[in-house]
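K.L.:
Quick one, model34.pdb (PDB, C-alpha atoms, pLDDT in the B column):
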```pdb
ATOM      1  CA  MET A   1      -2.037  11.861  21.157  1.00 58.00           C
ATOM      2  CA  ASN A   2      -0.656  14.721  19.069  1.00 89.00           C
ATOM      3  CA  GLN A   3      -3.385  16.948  17.602  1.00 93.00           C
ATOM      4  CA  SER A   4      -1.928  16.594  14.101  1.00 94.00           C
ATOM      5  CA  ILE A   5      -2.247  12.813  14.361  1.00 96.00           C
ATOM      6  CA  ARG A   6      -5.895  13.131  15.401  1.00 96.00           C
ATOM      7  CA  ASP A   7      -6.553  15.562  12.555  1.00 96.00           C
ATOM      8  CA  ALA A   8      -4.881  13.216  10.083  1.00 97.00           C
ATOM      9  CA  GLU A   9      -7.023  10.301  11.278  1.00 97.00           C
ATOM     10  CA  GLN A  10     -10.207  12.295  10.782  1.00 97.00           C
ATOM     11  CA  PHE A  11      -9.064  13.603   7.403  1.00 96.00           C
ATOM     12  CA  VAL A  12      -8.357  10.102   6.101  1.00 97.00           C
ATOM     13  CA  LYS A  13     -11.692   8.827   7.421  1.00 97.00           C
ATOM     14  CA  GLU A  14     -13.514  11.677   5.661  1.00 95.00           C
ATOM     15  CA  ASN A  15     -11.747  11.214   2.333  1.00 95.00           C
ATOM     16  CA  LEU A  16     -11.086   7.468   2.113  1.00 94.00           C
ATOM     17  CA  GLY A  17     -13.647   6.062   4.538  1.00 91.00           C
ATOM     18  CA  GLN A  18     -15.964   4.881   1.753  1.00 90.00           C
ATOM     19  CA  ASP A  19     -13.270   3.580  -0.591  1.00 92.00           C
ATOM     20  CA  SER A  20     -14.038   0.069  -1.848  1.00 93.00           C
ATOM     21  CA  THR A  21     -10.738  -0.695  -3.606  1.00 92.00           C
ATOM     22  CA  GLY A  22      -8.836  -1.743  -0.480  1.00 93.00           C
ATOM     23  CA  HIS A  23      -7.358   1.721   0.115  1.00 95.00           C
ATOM     24  CA  ASP A  24      -9.799   2.780   2.817  1.00 95.00           C
ATOM     25  CA  TRP A  25      -9.290   4.240   6.286  1.00 97.00           C
ATOM     26  CA  TYR A  26      -8.687   0.785   7.761  1.00 97.00           C
ATOM     27  CA  HIS A  27      -5.829   0.171   5.324  1.00 97.00           C
ATOM     28  CA  SER A  28      -4.203   3.468   6.318  1.00 97.00           C
ATOM     29  CA  ASP A  29      -4.669   2.640   9.995  1.00 98.00           C
ATOM     30  CA  ARG A  30      -3.123  -0.814   9.559  1.00 98.00           C
ATOM     31  CA  VAL A  31      -0.158   0.657   7.685  1.00 98.00           C
ATOM     32  CA  ARG A  32       0.279   3.181  10.513  1.00 98.00           C
ATOM     33  CA  LYS A  33       0.232   0.429  13.157  1.00 98.00           C
ATOM     34  CA  ILE A  34       2.677  -1.761  11.235  1.00 98.00           C
ATOM     35  CA  ALA A  35       5.018   1.172  10.572  1.00 98.00           C
ATOM     36  CA  VAL A  36       5.019   2.252  14.224  1.00 98.00           C
ATOM     37  CA  HIS A  37       5.724  -1.354  15.247  1.00 98.00           C
ATOM     38  CA  ILE A  38       8.639  -1.634  12.820  1.00 98.00           C
ATOM     39  CA  ALA A  39      10.113   1.672  13.993  1.00 98.00           C
ATOM     40  CA  LYS A  40       9.946   0.574  17.637  1.00 98.00           C
ATOM     41  CA  LYS A  41      11.419  -2.858  16.974  1.00 98.00           C
ATOM     42  CA  GLU A  42      14.222  -1.477  14.812  1.00 97.00           C
ATOM     43  CA  GLN A  43      14.676   1.593  17.044  1.00 97.00           C
ATOM     44  CA  LEU A  44      14.945   3.724  13.939  1.00 96.00           C
ATOM     45  CA  GLY A  45      13.346   6.825  12.486  1.00 97.00           C
ATOM     46  CA  ASP A  46      11.230   9.765  13.634  1.00 97.00           C
ATOM     47  CA  SER A  47       8.029   8.168  14.956  1.00 97.00           C
ATOM     48  CA  PHE A  48       5.932  11.301  14.401  1.00 97.00           C
ATOM     49  CA  ILE A  49       6.968  11.607  10.755  1.00 98.00           C
ATOM     50  CA  ILE A  50       6.470   7.881  10.225  1.00 98.00           C
ATOM     51  CA  GLU A  51       2.983   7.871  11.749  1.00 98.00           C
ATOM     52  CA  LEU A  52       1.760  10.898   9.799  1.00 98.00           C
ATOM     53  CA  ALA A  53       3.225   9.708   6.504  1.00 98.00           C
ATOM     54  CA  ALA A  54       1.654   6.273   6.996  1.00 98.00           C
ATOM     55  CA  LEU A  55      -1.754   7.753   7.747  1.00 98.00           C
ATOM     56  CA  LEU A  56      -1.681  10.150   4.798  1.00 97.00           C
ATOM     57  CA  HIS A  57       0.146   8.000   2.240  1.00 96.00           C
ATOM     58  CA  ASP A  58      -2.886   7.195   0.055  1.00 95.00           C
ATOM     59  CA  ILE A  59      -4.497  10.638   0.105  1.00 95.00           C
ATOM     60  CA  PRO A  60      -2.754  11.821  -3.116  1.00 93.00           C
ATOM     61  CA  ASP A  61      -2.737   8.394  -4.841  1.00 90.00           C
ATOM     62  CA  ASP A  62      -3.685   9.122  -8.449  1.00 82.00           C
ATOM     63  CA  LYS A  63      -5.577   5.844  -8.878  1.00 84.00           C
ATOM     64  CA  LEU A  64      -8.075   7.063  -6.265  1.00 86.00           C
ATOM     65  CA  HIS A  65      -8.741  10.384  -8.007  1.00 85.00           C
ATOM     66  CA  ASP A  66      -9.566  11.703 -11.463  1.00 80.00           C
ATOM     67  CA  ASN A  67      -5.957  12.856 -11.802  1.00 79.00           C
ATOM     68  CA  GLU A  68      -2.754  13.252  -9.819  1.00 79.00           C
ATOM     69  CA  GLU A  69      -3.236  17.001  -9.326  1.00 87.00           C
ATOM     70  CA  THR A  70      -6.516  16.447  -7.457  1.00 90.00           C
ATOM     71  CA  GLY A  71      -4.877  14.107  -4.969  1.00 89.00           C
ATOM     72  CA  LEU A  72      -1.908  16.389  -4.386  1.00 91.00           C
ATOM     73  CA  ALA A  73      -4.200  19.380  -3.842  1.00 94.00           C
ATOM     74  CA  LEU A  74      -6.147  17.374  -1.269  1.00 94.00           C
ATOM     75  CA  LEU A  75      -2.955  16.512   0.616  1.00 95.00           C
ATOM     76  CA  ASP A  76      -1.817  20.146   0.517  1.00 94.00           C
ATOM     77  CA  SER A  77      -5.167  21.209   1.965  1.00 94.00           C
ATOM     78  CA  TRP A  78      -4.433  19.122   5.051  1.00 95.00           C
ATOM     79  CA  PHE A  79      -0.991  20.651   5.512  1.00 95.00           C
ATOM     80  CA  ARG A  80      -2.478  24.149   5.303  1.00 94.00           C
ATOM     81  CA  ARG A  81      -4.799  23.270   8.178  1.00 91.00           C
ATOM     82  CA  ASN A  82      -2.008  21.983  10.402  1.00 92.00           C
ATOM     83  CA  ASN A  83       0.898  23.925  11.811  1.00 87.00           C
ATOM     84  CA  LEU A  84       3.816  21.693  10.925  1.00 94.00           C
ATOM     85  CA  ALA A  85       7.352  22.906  10.386  1.00 94.00           C
ATOM     86  CA  ASP A  86       8.319  23.323   6.739  1.00 95.00           C
ATOM     87  CA  CYS A  87      10.967  20.611   7.109  1.00 96.00           C
ATOM     88  CA  GLN A  88       8.338  18.176   8.433  1.00 96.00           C
ATOM     89  CA  VAL A  89       5.957  18.917   5.561  1.00 96.00           C
ATOM     90  CA  LYS A  90       8.765  18.432   3.070  1.00 96.00           C
ATOM     91  CA  GLU A  91       9.811  15.113   4.617  1.00 97.00           C
ATOM     92  CA  ILE A  92       6.291  13.682   4.812  1.00 97.00           C
ATOM     93  CA  LYS A  93       5.507  14.665   1.228  1.00 96.00           C
ATOM     94  CA  GLN A  94       8.822  13.206   0.092  1.00 96.00           C
ATOM     95  CA  ILE A  95       8.007   9.902   1.800  1.00 96.00           C
ATOM     96  CA  ILE A  96       4.531   9.731   0.262  1.00 96.00           C
ATOM     97  CA  ASP A  97       5.884  10.569  -3.174  1.00 93.00           C
ATOM     98  CA  SER A  98       8.624   7.950  -3.047  1.00 93.00           C
ATOM     99  CA  ILE A  99       7.023   4.771  -1.682  1.00 93.00           C
ATOM    100  CA  SER A 100       4.536   3.867  -4.420  1.00 86.00           C
ATOM    101  CA  TYR A 101       5.208   0.524  -6.130  1.00 81.00           C
ATOM    102  CA  SER A 102       4.017   1.859  -9.485  1.00 73.00           C
ATOM    103  CA  LYS A 103       6.732   4.525  -9.521  1.00 71.00           C
ATOM    104  CA  GLY A 104       9.419   1.868  -9.227  1.00 65.00           C
ATOM    105  CA  GLN A 105      11.650   4.027  -7.030  1.00 68.00           C
ATOM    106  CA  THR A 106      14.301   1.936  -5.291  1.00 73.00           C
ATOM    107  CA  ASP A 107      16.541   4.649  -3.831  1.00 84.00           C
ATOM    108  CA  LEU A 108      14.325   5.907  -1.006  1.00 93.00           C
ATOM    109  CA  PRO A 109      15.213   9.208   0.675  1.00 91.00           C
ATOM    110  CA  SER A 110      15.200   8.147   4.355  1.00 96.00           C
ATOM    111  CA  ILE A 111      14.780   5.354   6.873  1.00 97.00           C
ATOM    112  CA  GLU A 112      11.309   6.765   7.564  1.00 98.00           C
ATOM    113  CA  ALA A 113      10.383   6.218   3.901  1.00 97.00           C
ATOM    114  CA  LYS A 114      11.732   2.664   4.042  1.00 97.00           C
ATOM    115  CA  ILE A 115       9.697   1.873   7.145  1.00 98.00           C
ATOM    116  CA  VAL A 116       6.451   3.292   5.728  1.00 98.00           C
ATOM    117  CA  GLN A 117       7.016   1.485   2.438  1.00 97.00           C
ATOM    118  CA  ASP A 118       7.658  -1.775   4.290  1.00 97.00           C
ATOM    119  CA  ALA A 119       4.413  -1.341   6.234  1.00 98.00           C
ATOM    120  CA  ASP A 120       2.406  -0.550   3.105  1.00 97.00           C
ATOM    121  CA  ARG A 121       3.800  -3.610   1.345  1.00 97.00           C
ATOM    122  CA  ILE A 122       3.116  -5.887   4.304  1.00 98.00           C
ATOM    123  CA  ASP A 123      -0.552  -4.888   4.142  1.00 98.00           C
ATOM    124  CA  ALA A 124      -0.583  -6.139   0.546  1.00 98.00           C
ATOM    125  CA  LEU A 125       0.371  -9.623   1.749  1.00 98.00           C
ATOM    126  CA  GLY A 126      -1.423 -12.437   3.552  1.00 98.00           C
ATOM    127  CA  ALA A 127      -5.179 -12.779   4.017  1.00 98.00           C
ATOM    128  CA  ILE A 128      -5.665  -9.010   3.945  1.00 98.00           C
ATOM    129  CA  GLY A 129      -3.624  -8.778   0.755  1.00 98.00           C
ATOM    130  CA  ILE A 130      -5.749 -11.456  -0.894  1.00 98.00           C
ATOM    131  CA  ALA A 131      -8.978  -9.696   0.100  1.00 97.00           C
ATOM    132  CA  ARG A 132      -7.694  -6.310  -1.083  1.00 97.00           C
ATOM    133  CA  THR A 133      -6.588  -7.767  -4.423  1.00 97.00           C
ATOM    134  CA  PHE A 134     -10.052  -9.041  -5.265  1.00 97.00           C
ATOM    135  CA  ALA A 135     -11.739  -5.902  -3.926  1.00 96.00           C
ATOM    136  CA  TYR A 136      -9.593  -3.756  -6.212  1.00 94.00           C
ATOM    137  CA  GLY A 137      -9.965  -6.066  -9.198  1.00 94.00           C
ATOM    138  CA  GLY A 138     -13.737  -6.205  -8.834  1.00 93.00           C
ATOM    139  CA  LYS A 139     -14.022  -2.440  -8.471  1.00 91.00           C
ATOM    140  CA  LYS A 140     -11.978  -1.959 -11.638  1.00 90.00           C
ATOM    141  CA  GLY A 141     -13.929  -4.565 -13.614  1.00 92.00           C
ATOM    142  CA  GLN A 142     -10.964  -6.897 -13.849  1.00 92.00           C
ATOM    143  CA  LEU A 143     -11.349 -10.594 -14.625  1.00 95.00           C
ATOM    144  CA  LEU A 144     -10.893 -13.014 -11.750  1.00 96.00           C
ATOM    145  CA  TYR A 145      -8.536 -15.117 -13.859  1.00 97.00           C
ATOM    146  CA  ASP A 146      -7.862 -16.042 -17.475  1.00 96.00           C
ATOM    147  CA  PRO A 147      -5.068 -18.574 -18.069  1.00 94.00           C
ATOM    148  CA  ALA A 148      -4.787 -17.409 -21.681  1.00 95.00           C
ATOM    149  CA  ILE A 149      -3.344 -14.092 -20.481  1.00 93.00           C
ATOM    150  CA  SER A 150       0.422 -14.060 -19.964  1.00 89.00           C
ATOM    151  CA  VAL A 151       2.030 -12.884 -16.745  1.00 91.00           C
ATOM    152  CA  ARG A 152       3.862  -9.616 -17.374  1.00 87.00           C
ATOM    153  CA  ASP A 153       7.483  -9.616 -16.179  1.00 83.00           C
ATOM    154  CA  SER A 154       8.211  -5.902 -16.509  1.00 77.00           C
ATOM    155  CA  MET A 155       5.949  -2.896 -16.906  1.00 71.00           C
ATOM    156  CA  ASN A 156       6.044   0.873 -16.866  1.00 72.00           C
ATOM    157  CA  LYS A 157       3.458   2.714 -14.755  1.00 72.00           C
ATOM    158  CA  GLU A 158       0.936   3.000 -17.595  1.00 69.00           C
ATOM    159  CA  GLU A 159       1.197  -0.711 -18.409  1.00 69.00           C
ATOM    160  CA  TYR A 160       0.974  -1.624 -14.724  1.00 73.00           C
ATOM    161  CA  ARG A 161      -2.179   0.415 -14.220  1.00 70.00           C
ATOM    162  CA  ASN A 162      -4.001  -0.113 -17.514  1.00 71.00           C
ATOM    163  CA  GLY A 163      -2.573  -3.183 -19.231  1.00 74.00           C
ATOM    164  CA  THR A 164      -4.470  -6.451 -19.651  1.00 83.00           C
ATOM    165  CA  SER A 165      -4.291  -8.554 -16.501  1.00 90.00           C
ATOM    166  CA  THR A 166      -6.443 -10.352 -13.924  1.00 96.00           C
ATOM    167  CA  SER A 167      -6.679 -10.444 -10.148  1.00 96.00           C
ATOM    168  CA  ILE A 168      -4.806 -13.748  -9.990  1.00 97.00           C
ATOM    169  CA  HIS A 169      -2.120 -12.406 -12.314  1.00 96.00           C
ATOM    170  CA  HIS A 170      -1.598  -9.544  -9.852  1.00 95.00           C
ATOM    171  CA  PHE A 171      -0.157 -12.015  -7.335  1.00 97.00           C
ATOM    172  CA  HIS A 172       2.557 -13.044  -9.800  1.00 95.00           C
ATOM    173  CA  GLU A 173       3.133  -9.591 -11.267  1.00 94.00           C
ATOM    174  CA  LYS A 174       3.502  -7.801  -7.934  1.00 94.00           C
ATOM    175  CA  LEU A 175       2.489  -9.353  -4.626  1.00 96.00           C
ATOM    176  CA  LEU A 176       4.779 -12.387  -4.576  1.00 96.00           C
ATOM    177  CA  LYS A 177       7.735 -10.098  -5.305  1.00 95.00           C
ATOM    178  CA  LEU A 178       7.211  -7.788  -2.336  1.00 96.00           C
ATOM    179  CA  SER A 179       8.901  -9.896   0.346  1.00 96.00           C
ATOM    180  CA  ASP A 180      12.209  -9.604  -1.507  1.00 96.00           C
ATOM    181  CA  MET A 181      11.864  -5.818  -1.679  1.00 95.00           C
ATOM    182  CA  LEU A 182      11.586  -5.056   2.044  1.00 97.00           C
ATOM    183  CA  HIS A 183      14.163  -2.975   3.915  1.00 97.00           C
ATOM    184  CA  THR A 184      13.953  -3.962   7.589  1.00 98.00           C
ATOM    185  CA  ASP A 185      14.471  -7.262   9.390  1.00 98.00           C
ATOM    186  CA  THR A 186      11.210  -6.754  11.278  1.00 98.00           C
ATOM    187  CA  ALA A 187       9.247  -6.411   8.052  1.00 98.00           C
ATOM    188  CA  VAL A 188      10.914  -9.479   6.557  1.00 98.00           C
ATOM    189  CA  ALA A 189       9.904 -11.526   9.612  1.00 98.00           C
ATOM    190  CA  ILE A 190       6.281 -10.361   9.426  1.00 98.00           C
ATOM    191  CA  ALA A 191       6.109 -10.954   5.684  1.00 98.00           C
ATOM    192  CA  LYS A 192       7.326 -14.550   5.849  1.00 98.00           C
ATOM    193  CA  GLU A 193       4.094 -15.982   7.266  1.00 97.00           C
ATOM    194  CA  ARG A 194       1.918 -13.835   5.017  1.00 98.00           C
ATOM    195  CA  GLN A 195       3.873 -14.851   1.924  1.00 97.00           C
ATOM    196  CA  GLN A 196       3.423 -18.520   2.782  1.00 98.00           C
ATOM    197  CA  TYR A 197      -0.318 -18.036   3.271  1.00 98.00           C
ATOM    198  CA  MET A 198      -0.650 -16.414  -0.160  1.00 98.00           C
ATOM    199  CA  GLU A 199       1.319 -19.181  -1.848  1.00 98.00           C
ATOM    200  CA  GLU A 200      -0.903 -21.805  -0.221  1.00 98.00           C
ATOM    201  CA  PHE A 201      -3.992 -19.886  -1.362  1.00 98.00           C
ATOM    202  CA  LEU A 202      -2.759 -19.849  -4.952  1.00 98.00           C
ATOM    203  CA  GLN A 203      -2.041 -23.577  -4.838  1.00 97.00           C
ATOM    204  CA  GLN A 204      -5.593 -24.236  -3.650  1.00 97.00           C
ATOM    205  CA  PHE A 205      -7.020 -21.793  -6.207  1.00 97.00           C
ATOM    206  CA  ASN A 206      -5.215 -23.561  -9.050  1.00 96.00           C
ATOM    207  CA  LYS A 207      -6.409 -26.939  -7.802  1.00 97.00           C
ATOM    208  CA  GLU A 208     -10.015 -25.782  -7.741  1.00 97.00           C
ATOM    209  CA  TRP A 209      -9.706 -23.925 -11.063  1.00 97.00           C
ATOM    210  CA  ASP A 210      -8.529 -27.123 -12.741  1.00 94.00           C
ATOM    211  CA  VAL A 211     -11.234 -29.096 -10.876  1.00 94.00           C
ATOM    212  CA  LEU A 212      -8.716 -31.501  -9.395  1.00 87.00           C
ATOM    213  CA  LEU A 213     -11.055 -33.458  -7.128  1.00 81.00           C
TER     214      LEU A 213
END
```
I'd like the structure from this file rewritten - as structure tokens, please.

P.N.:
Amino acid sequence: MNQSIRDAEQFVKENLGQDSTGHDWYHSDRVRKIAVHIAKKEQLGDSFIIELAALLHDIPDDKLHDNEETGLALLDSWFRRNNLADCQVKEIKQIIDSISYSKGQTDLPSIEAKIVQDADRIDALGAIGIARTFAYGGKKGQLLYDPAISVRDSMNKEEYRNGTSTSIHHFHEKLLKLSDMLHTDTAVAIAKERQQYMEEFLQQFNKEWDVLL
């Protein structure tokens, strides 16, 4: 294994290993594995760039730090420790900066960015996606559900992050939309089963919420 990959693994474990919002080391590792799988199946992209970007993609995420500058400085500290070509650093940082859902960027800069974004979005679906949703909502003090709150159809980043919502609303405001926003055929195929599982979960949740015995 490339030394930079090993260093990135350790760096993510050190900085996100104790995260309890669903953005921990295991999330990054799953995104890496999914992204590498997509790249191999599609026979597209630079596998080294894809693997590093997938591993490091949550390091600068502003919702995991006091501010965006702190996260970016942390990512830069890793690049200073590793001897990557300037063009590789630029490409990895560009991928990380472009794939976030909250930024709403649809014109991604490369196939590598599309593959990493697909992998990140797949990990927000299915049983893992359900578990991560409630982990994040609980950590942020969000209500489980309140039917009096309306589902938001469109939001800017501030509204998305800080507006009134619940964990169940998050499925309708984001998660159920992800399958239609994927770029690769491989990702679409993986997402199909996970999407169905989430929809079945919500049907059961609604049944139990309404005490339909």

K.L.:
I want to know what sits within 7 Å of range 46-57 of chain A, based on all atoms listed in the file, with residues of the same chain fewer than 3 positions away left out; could you give that as a PDB file with C-alpha atoms, in the coordinates of the input?

P.N.:
```pdb
ATOM      1  CA  ILE A   5      -2.247  12.813  14.361  1.00 96.00           C
ATOM      2  CA  ALA A   8      -4.881  13.216  10.083  1.00 97.00           C
ATOM      3  CA  GLU A   9      -7.023  10.301  11.278  1.00 97.00           C
ATOM      4  CA  VAL A  12      -8.357  10.102   6.101  1.00 97.00           C
ATOM      5  CA  SER A  28      -4.203   3.468   6.318  1.00 97.00           C
ATOM      6  CA  ASP A  29      -4.669   2.640   9.995  1.00 98.00           C
ATOM      7  CA  VAL A  31      -0.158   0.657   7.685  1.00 98.00           C
ATOM      8  CA  ARG A  32       0.279   3.181  10.513  1.00 98.00           C
ATOM      9  CA  ALA A  35       5.018   1.172  10.572  1.00 98.00           C
ATOM     10  CA  VAL A  36       5.019   2.252  14.224  1.00 98.00           C
ATOM     11  CA  ALA A  39      10.113   1.672  13.993  1.00 98.00           C
ATOM     12  CA  ILE A  92       6.291  13.682   4.812  1.00 97.00           C
ATOM     13  CA  ILE A  95       8.007   9.902   1.800  1.00 96.00           C
ATOM     14  CA  ILE A  96       4.531   9.731   0.262  1.00 96.00           C
ATOM     15  CA  GLU A 112      11.309   6.765   7.564  1.00 98.00           C
ATOM     16  CA  VAL A 116       6.451   3.292   5.728  1.00 98.00           C
TER      17      VAL A 116
END
```

K.L.:
Just how far from CA of Gln196 in chain A is CA of Gly163 in chain A, in Å to one decimal?

P.N.:
27.5 Å

K.L.:
Tell me which residues the PyMOL selection byres ((chain A and resi 111) around 12) grabs here, as a JSON list (two decimals) with C-alpha atoms, in the frame of the given file.

P.N.:
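Here's the written file part.json:
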```json
[["chain", "number", "residue", "atom", "x", "y", "z"],
["A", 35, "ALA", "CA", 5.02, 1.17, 10.57],
["A", 38, "ILE", "CA", 8.64, -1.63, 12.82],
["A", 39, "ALA", "CA", 10.11, 1.67, 13.99],
["A", 42, "GLU", "CA", 14.22, -1.48, 14.81],
["A", 43, "GLN", "CA", 14.68, 1.59, 17.04],
["A", 44, "LEU", "CA", 14.94, 3.72, 13.94],
["A", 45, "GLY", "CA", 13.35, 6.82, 12.49],
["A", 46, "ASP", "CA", 11.23, 9.76, 13.63],
["A", 47, "SER", "CA", 8.03, 8.17, 14.96],
["A", 49, "ILE", "CA", 6.97, 11.61, 10.76],
["A", 50, "ILE", "CA", 6.47, 7.88, 10.22],
["A", 91, "GLU", "CA", 9.81, 15.11, 4.62],
["A", 94, "GLN", "CA", 8.82, 13.21, 0.09],
["A", 95, "ILE", "CA", 8.01, 9.90, 1.80],
["A", 98, "SER", "CA", 8.62, 7.95, -3.05],
["A", 99, "ILE", "CA", 7.02, 4.77, -1.68],
["A", 107, "ASP", "CA", 16.54, 4.65, -3.83],
["A", 108, "LEU", "CA", 14.32, 5.91, -1.01],
["A", 109, "PRO", "CA", 15.21, 9.21, 0.68],
["A", 110, "SER", "CA", 15.20, 8.15, 4.36],
["A", 112, "GLU", "CA", 11.31, 6.76, 7.56],
["A", 113, "ALA", "CA", 10.38, 6.22, 3.90],
["A", 114, "LYS", "CA", 11.73, 2.66, 4.04],
["A", 115, "ILE", "CA", 9.70, 1.87, 7.14],
["A", 116, "VAL", "CA", 6.45, 3.29, 5.73],
["A", 117, "GLN", "CA", 7.02, 1.48, 2.44],
["A", 118, "ASP", "CA", 7.66, -1.78, 4.29],
["A", 182, "LEU", "CA", 11.59, -5.06, 2.04],
["A", 183, "HIS", "CA", 14.16, -2.98, 3.92],
["A", 184, "THR", "CA", 13.95, -3.96, 7.59]]
```

K.L.:
Put the listed atoms of range 198-203 of chain A in a box along x, y and z with 5 Å added on every side and give me the centre and edge lengths in Å to one decimal, as JSON.

P.N.:
```
{"center_x": -1.3, "center_y": -20.0, "center_z": -2.6, "size_x": 15.3, "size_y": 17.2, "size_z": 14.8}
```

K.L.:
Report, in Å with one decimal, the straight-line distance from CA of Asp24 in chain A to CA of Glu200 in chain A.

P.N.:
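The value is 26.3 Å.
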
K.L.:
To one decimal place in Å, what is the distance between CA of Lys41 in chain A and CA of Asp123 in chain A?

P.N.:
17.7 Å

K.L.:
Starting from the PyMOL selection byres ((chain A and resi 122) around 12), expand the selection into actual residues of this file and give them as a ChimeraX atom specification.

P.N.:
/A:27,30-35,38,115-121,123-130,175-184,186-195

K.L.:
For each of A:Gly17, A:Thr106, A:Leu143, A:Asp76, take the minimum atom-to-atom distance to Lys90 in chain A, counting all atoms listed in the file, then give the residue where this is smallest.

P.N.:
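Among A:Gly17, A:Thr106, A:Leu143, A:Asp76, it is A:Asp76 that comes nearest to Lys90 in chain A.
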
K.L.:
Pull out every residue that the PyMOL selection byres ((chain A and resi 141) around 12) matches in the shown coordinates and put them as a count of residues only.

P.N.:
17

K.L.:
My list of candidates is A:Arg81, A:Asp58, A:Asn156, A:Leu202. Which is closest to Asp7 in chain A when distances are computed with all atoms listed in the file?

P.N.:
A:Arg81

K.L.:
Restricting the calculation to only C-alpha atoms, which member of A:Phe205, A:Phe11, A:Tyr101, A:Tyr197 is positioned closest to Tyr160 in chain A?

P.N.:
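Nearest to Tyr160 in chain A: A:Tyr101.
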
K.L.:
Calculated over all atoms listed in the file, which of the candidates A:His23, A:Lys207, A:Arg161, A:Arg80 has the smallest distance to Ala131 in chain A?

P.N.:
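The shortest atom-to-atom distance to Ala131 in chain A comes from A:His23.
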